[in-house]
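Chemist: Have a look at this one.
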Amino acid sequence: MTPPTALPNDPRISLTNTPTGQPRLDLNTPRYSAQLHLHGAHLTAWQPANQPPVLWLSDHAVLAPGKAIRGGVPLCFPWFAAHPTDPDAPAHGTARTSPWTLTHCQLEDDHTAHLTLTQSLAPFDAQYDIIVNDTLEFRFTTTNPTDQPHRFELALHTYLTVADIHHVQVLGLENTPYLDNANNRSPHTQDDQPITFTQETDRLYYNAPATVHADDPGHQRRITITKTGSQSTIVWNPWTDKSARMPDFGNDEWPGMLCIESANAGPNALTLEPGQSQTLTTTISTQAL
Ligand code: BG6
């Protein structure tokens, strides 16, 4: 894990080590606060001023080398869920537990922070740009530097804070096909209604539209996610039983979170030819309801 050679001398930025020795970048400006763990290139907090946090982080998250952090935006790459051929490979790929290099960190006068992190995750090179203000933008570019074509999957596994999942509606995925991960990836099509939550929900929507809204009446806000270069959207809430099975997830935390993941996964996995690159971009913004 390599910190940038020169962080700007700016009171809005600090780089510290957590008690477990994990380098963490903190951004504190009048418009927002944010935290990035260099371990996994993992954004663990983003909170626009005068709002509840937008990103959710478990009180039971483990911040330790080799562990994925439960919350924020883990990067699932170069595969999503189980590895396609190797049952011993870690779920959701190696990006979220790998050391990344912060190669660029700049904070503009309007408080926009531009962070760039890079890593080689065989057989790919990855560049991850995070642009933070009172909106949040991610740009993830995958390059195949080899002389063979290679397949990959990618998900920005974004954990969102909601007041109470029972009252949340997700709009924008009406009539979209999905695989139900909670039921052996069985194929379905969303009906013409917004998604509501009454049980474990774990769906990989494919050939999905570019814009999704999560309406959260408890926080009186809408979270809007727009994206390019992404054909899949995963929607996940573990509900009661699955929460209880996860040691880094509190048994009573599930009503306060919802994952909406911008991805290319399952039927939308991509193959890059030698020398080819692909970029997925996502923007997250909030609006008053
Ligand atoms: C979601 C998957 O994206 O990630 C779920 O659809 C999975 O099936 C969840 O349980 C969390 O995965 P992990 O590996 O971080 O526990």
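Residues are named by chain letter and number: chains run A, B, ... in the order of the structure tokens, numbers start at 1 in each chain, and ligands are numbered from 1 in the order shown.
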Could you give me, as a PyMOL selection string, every polymer residue with an atom at most 10 Å away from an atom of ligand 1, counting only C-alpha atoms and all ligand atoms?
Modeler: chain A and resi 67-71+74-76+80-82+90-93+96+155-159+179-182+185+201-204+233-238+242-243+245-249+259-261+263
Chemist: Determine, counting only C-alpha atoms, which protein, DNA and RNA residues have an atom within 9 Å of an atom of range 28-44 of chain A; residues of the same chain fewer than 5 positions away are not included. Present the result as a VMD selection string.
Modeler: chain A and resid 1 to 3 11 to 14 22 to 23 49 to 50 55 to 57 63 to 66 68 to 75 94 to 102 110 to 111 117 to 118 128 130 132 to 134
Chemist: Fewer than 4 positions away in the same chain doesn't count, so skip those; otherwise give me all residues within 12 Å of Asp125 in chain A, counting only C-alpha atoms, as a list in words.
Modeler: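 Close residues of Asp125 in chain A: Phe77, Pro78, Ala95, Trp100, Leu117, Thr118, Gln119, Ser120, Leu121, Phe140, Thr141, Thr142, Thr143, Asn144, Pro145, Thr146, His150, Phe152, Leu272, Pro274, Gly275, Gln276, Ser277, Gln278 and Thr279 of chain A.
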Chemist: Go ahead and save the residues from that selection, with N, CA, C and O atoms, as a compact mmCIF listing (two decimals), in the first residue's frame.
Modeler:
# COMPACT_ATOMS: atom_id res chain seq x y z
N PHE A 77 -14.35 -7.27 -8.09
CA PHE A 77 -13.59 -7.28 -9.34
C PHE A 77 -12.41 -8.22 -9.16
O PHE A 77 -11.83 -8.23 -8.07
N PRO A 78 -11.93 -8.97 -10.11
CA PRO A 78 -12.41 -9.09 -11.49
C PRO A 78 -13.56 -10.09 -11.66
O PRO A 78 -13.88 -10.43 -12.80
N ALA A 95 -10.14 -7.44 -5.59
CA ALA A 95 -9.91 -5.98 -5.52
C ALA A 95 -10.17 -5.44 -4.12
O ALA A 95 -9.44 -4.57 -3.63
N TRP A 100 -4.09 -0.92 -2.78
CA TRP A 100 -4.15 -0.03 -3.94
C TRP A 100 -3.19 1.13 -3.72
O TRP A 100 -2.87 1.47 -2.58
N LEU A 117 -6.83 5.94 -7.81
CA LEU A 117 -6.15 4.78 -7.25
C LEU A 117 -5.92 3.77 -8.37
O LEU A 117 -6.76 3.66 -9.28
N THR A 118 -4.79 3.08 -8.29
CA THR A 118 -4.49 2.11 -9.34
C THR A 118 -4.06 0.79 -8.71
O THR A 118 -3.56 0.75 -7.58
N GLN A 119 -4.26 -0.27 -9.48
CA GLN A 119 -3.82 -1.58 -9.03
C GLN A 119 -3.84 -2.53 -10.23
O GLN A 119 -4.67 -2.39 -11.13
N SER A 120 -2.93 -3.48 -10.25
CA SER A 120 -2.97 -4.56 -11.22
C SER A 120 -3.56 -5.78 -10.54
O SER A 120 -3.07 -6.20 -9.48
N LEU A 121 -4.63 -6.27 -11.10
CA LEU A 121 -5.31 -7.46 -10.56
C LEU A 121 -5.38 -8.44 -11.71
O LEU A 121 -6.21 -8.30 -12.61
N PHE A 140 -14.41 3.66 -13.07
CA PHE A 140 -13.55 2.48 -12.92
C PHE A 140 -13.18 2.00 -14.32
O PHE A 140 -14.05 1.60 -15.10
N THR A 141 -11.87 2.05 -14.62
CA THR A 141 -11.41 1.66 -15.96
C THR A 141 -10.59 0.38 -15.86
O THR A 141 -9.62 0.30 -15.10
N THR A 142 -11.02 -0.60 -16.63
CA THR A 142 -10.33 -1.89 -16.70
C THR A 142 -9.59 -1.96 -18.02
O THR A 142 -10.18 -1.69 -19.08
N THR A 143 -8.34 -2.34 -17.99
CA THR A 143 -7.53 -2.49 -19.21
C THR A 143 -6.96 -3.90 -19.24
O THR A 143 -6.51 -4.42 -18.21
N ASN A 144 -6.98 -4.48 -20.43
CA ASN A 144 -6.34 -5.79 -20.63
C ASN A 144 -4.97 -5.59 -21.27
O ASN A 144 -4.89 -5.34 -22.47
N PRO A 145 -3.89 -5.66 -20.48
CA PRO A 145 -2.56 -5.40 -21.04
C PRO A 145 -1.93 -6.64 -21.66
O PRO A 145 -0.78 -6.58 -22.10
N THR A 146 -2.64 -7.75 -21.69
CA THR A 146 -2.05 -9.02 -22.15
C THR A 146 -2.28 -9.21 -23.64
O THR A 146 -2.92 -8.38 -24.30
N HIS A 150 -9.69 -11.54 -22.22
CA HIS A 150 -10.03 -11.98 -20.86
C HIS A 150 -11.40 -11.44 -20.46
O HIS A 150 -11.73 -10.29 -20.73
N PHE A 152 -14.27 -10.42 -17.56
CA PHE A 152 -14.32 -9.92 -16.18
C PHE A 152 -15.72 -9.49 -15.80
O PHE A 152 -16.59 -9.28 -16.65
N LEU A 272 -12.55 -8.31 -22.62
CA LEU A 272 -11.67 -7.29 -23.23
C LEU A 272 -10.65 -7.98 -24.13
O LEU A 272 -9.98 -8.93 -23.71
N PRO A 274 -7.02 -7.90 -26.30
CA PRO A 274 -5.70 -7.36 -25.93
C PRO A 274 -5.64 -5.85 -26.16
O PRO A 274 -6.04 -5.35 -27.20
N GLY A 275 -5.19 -5.13 -25.14
CA GLY A 275 -5.03 -3.68 -25.26
C GLY A 275 -6.30 -2.87 -25.04
O GLY A 275 -6.25 -1.64 -24.95
N GLN A 276 -7.44 -3.55 -24.96
CA GLN A 276 -8.72 -2.84 -24.87
C GLN A 276 -9.01 -2.40 -23.43
O GLN A 276 -8.59 -3.06 -22.47
N SER A 277 -9.75 -1.28 -23.28
CA SER A 277 -10.17 -0.78 -21.97
C SER A 277 -11.69 -0.62 -21.94
O SER A 277 -12.34 -0.47 -22.99
N GLN A 278 -12.22 -0.63 -20.74
CA GLN A 278 -13.65 -0.38 -20.54
C GLN A 278 -13.81 0.48 -19.29
O GLN A 278 -13.11 0.26 -18.29
N THR A 279 -14.71 1.48 -19.33
CA THR A 279 -14.93 2.34 -18.16
C THR A 279 -16.39 2.28 -17.74
O THR A 279 -17.30 2.44 -18.57
Chemist: Which residue gives the smallest distance to Gln106 in chain A among A:Pro187, A:Pro53, A:Pro8, A:Pro87, with only C-alpha atoms counted?
Modeler: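 Residue with the minimum atom-to-atom distance to Gln106 in chain A: A:Pro8.
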Chemist: Quick one: of A:Thr281, A:Thr271, A:Thr196, A:Thr116, who's nearest to Ser230 in chain A, counting only C-alpha atoms?
Modeler: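 Using only C-alpha atoms, Ser230 in chain A sits closest to A:Thr281.
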